[in-house]
$ cat upload.csv   # CSV, C-alpha atoms
chain,number,residue,atom,x,y,z
A,1318,MET,CA,154.6,106.5,164.4
A,1319,ASP,CA,153.9,102.8,163.7
A,1320,ARG,CA,155.2,101.3,160.5
A,1321,ILE,CA,154.3,98.1,158.6
A,1322,PRO,CA,157.3,95.9,158.3
A,1323,ILE,CA,158.6,95.1,154.8
A,1324,LEU,CA,160.5,91.9,154.3
A,1325,LYS,CA,162.8,91.1,151.4
A,1326,ILE,CA,162.7,87.5,150.0
A,1327,GLY,CA,164.9,87.1,146.9
A,1328,ASP,CA,163.8,89.6,144.3
A,1329,ALA,CA,160.5,90.3,146.1
A,1330,LEU,CA,159.3,92.4,148.9
A,1331,LEU,CA,156.7,90.9,151.3
A,1332,VAL,CA,154.3,92.9,153.3
A,1333,THR,CA,151.7,91.4,155.7
A,1334,ILE,CA,149.1,93.8,156.9
A,1335,GLN,CA,147.9,92.6,160.3
A,1336,VAL,CA,146.4,95.7,161.9
A,1337,ASP,CA,143.3,97.7,161.2
A,1338,MET,CA,145.2,100.5,159.4
A,1339,HIS,CA,144.4,104.2,159.8
A,1340,ASP,CA,144.8,106.3,156.7
A,1341,ARG,CA,148.2,107.7,157.7
A,1342,LEU,CA,149.7,104.3,158.2
A,1343,ALA,CA,148.5,103.2,154.7
A,1344,THR,CA,150.1,106.3,153.2
A,1345,ALA,CA,153.3,105.6,155.1
A,1346,LEU,CA,153.3,102.1,153.7
A,1347,GLU,CA,153.0,103.4,150.2
A,1348,GLU,CA,156.0,105.7,150.7
A,1349,ASP,CA,158.1,103.1,152.5
A,1350,LEU,CA,157.5,100.4,149.8
A,1351,THR,CA,158.4,102.8,147.0
A,1352,SER,CA,161.7,103.7,148.5
A,1353,LYS,CA,162.5,100.0,149.3
A,1354,ILE,CA,161.7,98.9,145.8
A,1355,VAL,CA,164.4,101.2,144.5
A,1356,ALA,CA,166.8,100.6,147.4
A,1357,VAL,CA,166.9,96.8,146.9
A,1358,GLY,CA,166.0,96.6,143.2
A,1359,ALA,CA,162.9,94.6,143.9
A,1360,ARG,CA,161.1,93.0,140.9
A,1361,GLY,CA,157.9,92.1,142.8
A,1362,VAL,CA,155.8,93.2,145.8
A,1363,LEU,CA,153.6,90.7,147.6
A,1364,ILE,CA,150.9,92.3,149.8
A,1365,ASP,CA,149.1,89.8,152.1
A,1366,ILE,CA,145.8,91.2,153.2
A,1367,SER,CA,144.3,88.0,154.7
A,1368,ALA,CA,144.1,89.6,158.1
A,1369,LEU,CA,142.1,92.6,156.8
A,1370,GLU,CA,138.5,92.5,157.8
A,1371,ILE,CA,137.6,95.3,155.5
A,1372,VAL,CA,139.1,97.2,152.5
A,1373,ASP,CA,137.4,100.6,152.0
A,1374,SER,CA,137.9,103.0,149.2
A,1375,PHE,CA,140.9,104.6,150.8
A,1376,MET,CA,142.7,101.3,151.4
A,1377,GLY,CA,141.7,100.2,147.9
A,1378,ARG,CA,143.1,103.4,146.4
A,1379,THR,CA,146.3,102.9,148.4
A,1380,LEU,CA,146.7,99.3,147.0
A,1381,ALA,CA,146.0,100.6,143.4
A,1382,ASN,CA,148.6,103.4,143.9
A,1383,ILE,CA,151.2,101.0,145.2
A,1384,ALA,CA,150.6,98.8,142.1
A,1385,SER,CA,150.9,101.7,139.7
A,1386,VAL,CA,154.0,103.2,141.3
A,1387,SER,CA,155.8,99.9,141.6
A,1388,ARG,CA,155.0,99.1,137.9
A,1389,MET,CA,156.7,102.3,137.0
A,1390,LEU,CA,159.7,101.2,139.0
A,1391,ASP,CA,159.7,97.8,137.2
A,1392,ALA,CA,158.2,95.8,140.0
A,1393,GLU,CA,155.0,93.8,139.9
A,1394,THR,CA,152.5,94.0,142.8
A,1395,VAL,CA,150.4,91.0,143.7
A,1396,VAL,CA,147.7,91.3,146.4
A,1397,VAL,CA,147.0,88.0,148.1
A,1398,GLY,CA,144.7,86.5,150.6
A,1399,MET,CA,141.6,88.7,150.1
A,1400,ARG,CA,138.7,87.4,152.2
A,1401,PRO,CA,135.6,86.4,150.3
A,1402,ALA,CA,133.4,88.9,152.2
A,1403,VAL,CA,135.9,91.7,151.4
A,1404,ALA,CA,135.8,90.8,147.7
A,1405,ILE,CA,132.0,90.9,147.6
A,1406,THR,CA,131.9,94.2,149.5
A,1407,LEU,CA,134.6,95.8,147.2
A,1408,VAL,CA,132.6,94.9,144.0
A,1409,GLU,CA,129.4,96.3,145.5
A,1410,LEU,CA,131.3,99.4,146.6
A,1411,GLY,CA,132.3,99.8,142.9
A,1412,LEU,CA,136.0,99.3,143.6
A,1413,GLU,CA,137.4,96.6,141.4
A,1414,LEU,CA,141.0,97.5,141.7
A,1415,PRO,CA,142.0,97.8,138.1
A,1416,GLY,CA,145.7,97.2,137.5
A,1417,VAL,CA,146.1,95.3,140.8
A,1418,LYS,CA,147.1,91.6,140.3
A,1419,THR,CA,145.6,89.3,142.8
A,1420,ALA,CA,146.3,85.7,143.9
A,1421,LEU,CA,144.4,83.5,146.3
A,1422,ASN,CA,147.3,83.0,148.7
A,1423,ALA,CA,150.9,84.0,149.3
A,1424,GLU,CA,152.3,80.8,147.6
A,1425,ARG,CA,150.5,81.5,144.3
A,1426,GLY,CA,151.3,85.2,144.5
A,1427,MET,CA,155.0,84.4,145.0
A,1428,ALA,CA,154.8,82.0,142.0
A,1429,LEU,CA,153.4,84.8,139.8
A,1430,ILE,CA,156.3,87.0,140.7
A,1431,GLN,CA,158.9,84.3,140.3
A,1432,HIS,CA,157.4,83.3,137.0
A,1433,ARG,CA,157.9,86.9,135.8
A,1434,THR,CA,161.5,87.1,136.8
A,1435,ALA,CA,162.2,83.6,135.4
A,1436,ASP,CA,160.7,84.6,132.0
A,1437,GLU,CA,162.8,87.6,131.9
A,1438,SER,CA,166.1,85.9,132.7
A,1439,GLU,CA,165.3,83.3,130.0
A,1440,GLN,CA,164.7,86.1,127.6
A,1441,ALA,CA,167.9,87.7,128.6
A,1442,GLU,CA,169.8,84.5,128.0
A,1443,ALA,CA,168.3,84.0,124.6
A,1444,ASP,CA,169.3,87.6,123.7
A,1445,ASP,CA,172.9,86.8,124.9
A,1446,ASP,CA,173.0,83.7,122.7
A,1447,ALA,CA,171.8,85.5,119.6
B,922,MET,CA,122.0,102.9,175.2
B,923,PRO,CA,123.4,104.1,171.9
B,924,ASP,CA,127.2,104.5,171.5
B,925,LYS,CA,128.3,108.0,170.6
B,926,LEU,CA,131.7,108.3,169.1
B,927,PRO,CA,133.6,111.5,168.3
B,928,ILE,CA,135.2,111.7,164.8
B,929,ARG,CA,138.1,114.2,165.1
B,930,ALA,CA,141.1,112.3,163.8
B,931,GLY,CA,142.1,109.4,161.7
B,932,ASP,CA,142.3,107.1,164.7
B,933,ASP,CA,138.6,107.8,165.4
B,934,VAL,CA,137.7,106.4,162.0
B,935,VAL,CA,139.4,103.1,163.1
B,936,ARG,CA,137.5,103.3,166.4
B,937,VAL,CA,134.1,103.7,164.6
B,938,ARG,CA,134.9,100.6,162.5
B,939,GLN,CA,135.8,98.6,165.6
B,940,GLN,CA,132.6,99.6,167.5
B,941,VAL,CA,130.4,98.9,164.5
B,942,ARG,CA,132.1,95.5,164.1
B,943,ALA,CA,131.5,94.7,167.8
B,944,ARG,CA,127.8,95.6,167.6
B,945,ALA,CA,127.4,93.7,164.3
B,946,VAL,CA,128.9,90.5,165.8
B,947,GLU,CA,126.6,90.8,168.9
B,948,ILE,CA,123.5,91.1,166.6
B,949,GLY,CA,124.7,88.0,164.8
B,950,PHE,CA,125.2,89.5,161.3
B,951,SER,CA,126.6,87.2,158.7
B,952,LEU,CA,130.3,87.8,157.8
B,953,VAL,CA,129.3,89.4,154.5
B,954,ASP,CA,126.8,91.7,156.2
B,955,GLN,CA,129.3,92.6,158.9
B,956,THR,CA,131.9,93.5,156.3
B,957,LYS,CA,129.4,95.6,154.3
B,958,ILE,CA,128.2,97.7,157.3
B,959,ILE,CA,131.7,98.2,158.6
B,960,THR,CA,132.9,99.3,155.2
B,961,ALA,CA,130.0,101.7,154.8
B,962,ALA,CA,130.7,103.1,158.2
B,963,SER,CA,134.3,103.5,157.4
B,964,GLU,CA,133.5,105.5,154.2
B,965,LEU,CA,131.0,107.8,156.0
B,966,ALA,CA,133.3,108.3,159.1
B,967,ARG,CA,136.0,109.4,156.7
B,968,ASN,CA,133.6,111.8,154.9
B,969,THR,CA,132.6,113.3,158.3
B,970,LEU,CA,136.3,113.9,159.0
B,971,ASP,CA,137.6,115.0,155.6
B,972,TYR,CA,134.6,117.0,154.3
B,973,GLY,CA,132.6,117.8,157.5
B,974,GLY,CA,135.6,118.9,159.5
B,975,GLY,CA,134.8,116.3,162.1
B,976,GLY,CA,131.7,115.3,164.0
B,977,GLU,CA,130.3,112.2,165.6
B,978,ALA,CA,128.9,108.8,164.9
B,979,THR,CA,126.0,107.3,166.9
B,980,ILE,CA,125.5,103.6,166.8
B,981,ASP,CA,122.0,102.1,167.6
B,982,VAL,CA,121.2,98.5,167.9
B,983,LEU,CA,117.6,97.9,166.7
B,984,ALA,CA,115.2,95.2,167.7
B,985,VAL,CA,112.0,96.3,166.0
B,986,PRO,CA,110.7,95.3,163.4
B,987,LYS,CA,113.7,93.0,163.3
B,988,PRO,CA,117.4,93.0,164.5
B,989,GLY,CA,119.5,95.6,162.8
B,990,LEU,CA,122.1,98.3,163.2
B,991,ARG,CA,121.6,102.0,162.6
B,992,ILE,CA,124.5,104.4,162.4
B,993,THR,CA,124.1,108.2,162.3
B,994,PHE,CA,126.9,110.4,161.1
B,995,GLU,CA,126.7,114.1,161.9
B,996,ASP,CA,128.9,117.1,161.3
B,997,GLN,CA,128.6,120.9,161.5
B,998,GLY,CA,130.6,121.4,158.3
B,999,PRO,CA,130.0,123.3,155.2
B,1000,GLY,CA,127.2,121.0,153.9
B,1001,ILE,CA,126.8,119.5,150.5
B,1002,PRO,CA,125.4,121.9,147.8
B,1003,ASP,CA,124.0,119.2,145.5
B,1004,VAL,CA,123.3,115.9,147.3
B,1005,ASP,CA,122.1,114.1,144.1
B,1006,THR,CA,125.4,114.8,142.4
B,1007,ALA,CA,127.4,113.9,145.5
B,1008,LEU,CA,125.8,110.5,145.5
B,1009,LYS,CA,127.0,109.7,141.9
B,1010,ASP,CA,130.0,107.5,141.6
B,1011,GLY,CA,133.1,109.4,140.6
B,1012,PHE,CA,132.0,112.6,142.2
B,1013,THR,CA,134.6,114.0,144.6
B,1014,THR,CA,135.8,117.4,145.8
B,1015,GLY,CA,138.7,115.8,147.7
B,1016,ASN,CA,141.4,113.4,146.8
B,1017,GLY,CA,139.3,110.2,147.1
B,1018,LEU,CA,137.8,108.0,144.4
B,1019,GLY,CA,134.4,109.5,144.8
B,1020,LEU,CA,132.9,106.2,145.8
B,1021,GLY,CA,132.2,107.2,149.4
B,1022,LEU,CA,128.6,108.2,149.5
B,1023,GLY,CA,127.2,106.3,146.6
B,1024,GLY,CA,129.3,103.2,147.5
B,1025,ALA,CA,128.1,103.4,151.2
B,1026,ARG,CA,124.5,103.6,150.0
B,1027,ARG,CA,124.9,100.3,148.0
B,1028,LEU,CA,126.2,98.5,151.1
B,1029,VAL,CA,123.2,99.2,153.4
B,1030,ASN,CA,119.5,98.6,153.3
B,1031,ASP,CA,118.4,102.1,154.2
B,1032,PHE,CA,120.2,105.3,153.5
B,1033,ALA,CA,119.1,108.8,154.3
B,1034,ILE,CA,121.0,112.1,153.9
B,1035,THR,CA,120.1,115.6,154.9
B,1036,SER,CA,122.5,118.5,154.3
B,1037,LYS,CA,122.1,122.2,154.9
B,1038,LEU,CA,124.6,124.6,153.4
B,1039,GLY,CA,126.7,126.2,156.1
B,1040,GLN,CA,125.1,124.1,158.9
B,1041,GLY,CA,126.2,120.5,158.3
B,1042,THR,CA,125.3,117.1,157.1
B,1043,GLN,CA,123.6,114.1,158.6
B,1044,VAL,CA,123.8,110.6,157.1
B,1045,ILE,CA,121.8,107.7,158.6
B,1046,ILE,CA,122.4,104.1,157.4
B,1047,THR,CA,120.6,101.0,158.5
B,1048,ARG,CA,121.4,97.4,157.8
B,1049,TRP,CA,118.9,94.7,158.9
B,1050,LYS,CA,119.8,91.2,159.8
$ encode --input "upload.csv" --output "structure tokens"
Amino acid sequence: MDRIPILKIGDALLVTIQVDMHDRLATALEEDLTSKIVAVGARGVLIDISALEIVDSFMGRTLANIASVSRMLDAETVVVGMRPAVAITLVELGLELPGVKTALNAERGMALIQHRTADESEQAEADDDA
Amino acid sequence: MPDKLPIRAGDDVVRVRQQVRARAVEIGFSLVDQTKIITAASELARNTLDYGGGGEATIDVLAVPKPGLRITFEDQGPGIPDVDTALKDGFTTGNGLGLGLGGARRLVNDFAITSKLGQGTQVIITRWK
């Protein structure tokens, strides 16, 4: 079966969705990401959906699940690159993806994740000094 | 000539989306309108598969009274006992979010559903240009 590739960049995992996913592929991605977060100790997950022409309720639920599970494993998920027409459609559909952080593009998404890890290491240093 | 597409497996849902997209582009739908009708079709094709036990989608390109796209989803599944309740957000008997039917209705201009217990369900959606 096809799999969506997961790249590791520093403390973060990067996923670029480039195909029209069938439901099984979306579920496989959720499982793969979850094991990879634990395997590499990732602190953030960046999911680029700029190539996706639609996000329906199944895909939306998969993104929300990934965000919840990764939060439980101490990693922050940021969904980036949502097309304007997809955003309009999702809101009308009634799917506002609670709990899923978004950023306009990959650069800003990565900055969000790095900001979080930087804050935490500063906090840790302050604790060490005390 | 309408396109008739079987919905028997997950891959067929993808195929329905792709065909709907191709027709919507031909008609000259705006990007937002394309996205809405494809998303609605995706929700309903999945319903046909998950709750209707499979069926088929028929895609019609309309010219009168104006350009539009009509998609009919049919299954011979168990039927929906209470259609009004099934259209409410949050209602689900499966593992979805319960946004499928009600959500799809908000994404199109015309929405018609007929369901007979033990015989099946037919959903017709139309989006005009």
$ residues_around --input "upload.csv" --residues "segment 977-985 of chain B" --least-positions-apart "5" --cutoff "7 Å" --atoms "all atoms listed in the file" --output "list in words"
Pro923, Asp924, Lys925, Leu926, Pro927, Ile928, Leu990, Arg991, Ile992, Thr993, Phe994, Glu995 and Asp996 of chain B
$ residues_around --input "upload.csv" --residues "Asp1005 of chain B" --least-positions-apart "6" --cutoff "12 Å" --atoms "only C-alpha atoms" --output "ChimeraX atom specification"
/B:1012,1022-1023,1033-1036
$ interface_residues --input "upload.csv" --of "chain B" --to "chain A" --cutoff "7 Å" --atoms "all atoms listed in the file" --output "count of residues only"
17
$ closest_residue --input "upload.csv" --among "A:Thr1351, A:Ala1329, A:Ser1385, A:Ile1334" --to "Leu1369 of chain A" --atoms "all atoms listed in the file"
A:Ile1334
$ atom_distance --input "upload.csv" --atom1 "atom CA of Asp1391 of chain A" --atom2 "atom CA of Gly1361 of chain A"
8.2 Å
$ atom_distance --input "upload.csv" --atom1 "atom CA of Ile1323 of chain A" --atom2 "atom CA of Leu1414 of chain A"
22.1 Å
$ atom_distance --input "upload.csv" --atom1 "atom CA of Ser1387 of chain A" --atom2 "atom CA of Gly1021 of chain B"
25.9 Å
$ residues_around --input "upload.csv" --residues "Lys1325 of chain A" --least-positions-apart "2" --cutoff "10 Å" --atoms "all atoms listed in the file" --output "list in words"
Ile1323, Gly1327, Asp1328, Ala1329, Leu1330, Leu1331, Val1332, Lys1353, Ile1354, Val1357, Ala1359, Gly1361, Val1362 and Leu1363 of chain A
$ residues_near_point --input "upload.csv" --point "(150.1, 92.3, 145.2)" --cutoff "10 Å" --atoms "only C-alpha atoms" --output "PyMOL selection string"
chain A and resi 1330-1332+1361-1366+1380-1381+1383-1384+1393-1398+1417-1420+1423+1426-1427+1429-1430
$ closest_residue --input "upload.csv" --among "B:Thr1047, B:Gln955, B:Gln940, B:Thr1042" --to "Gly973 of chain B" --atoms "all atoms listed in the file"
B:Thr1042
$ closest_residue --input "upload.csv" --among "A:Ala1345, A:Ile1326, A:Met1376, A:Ala1356" --to "Arg967 of chain B" --atoms "all atoms listed in the file"
A:Met1376
$ closest_residue --input "upload.csv" --among "A:Gly1358, A:Asn1382, A:Arg1320, A:Asp1349" --to "Gly1416 of chain A" --atoms "all atoms listed in the file"
A:Asn1382
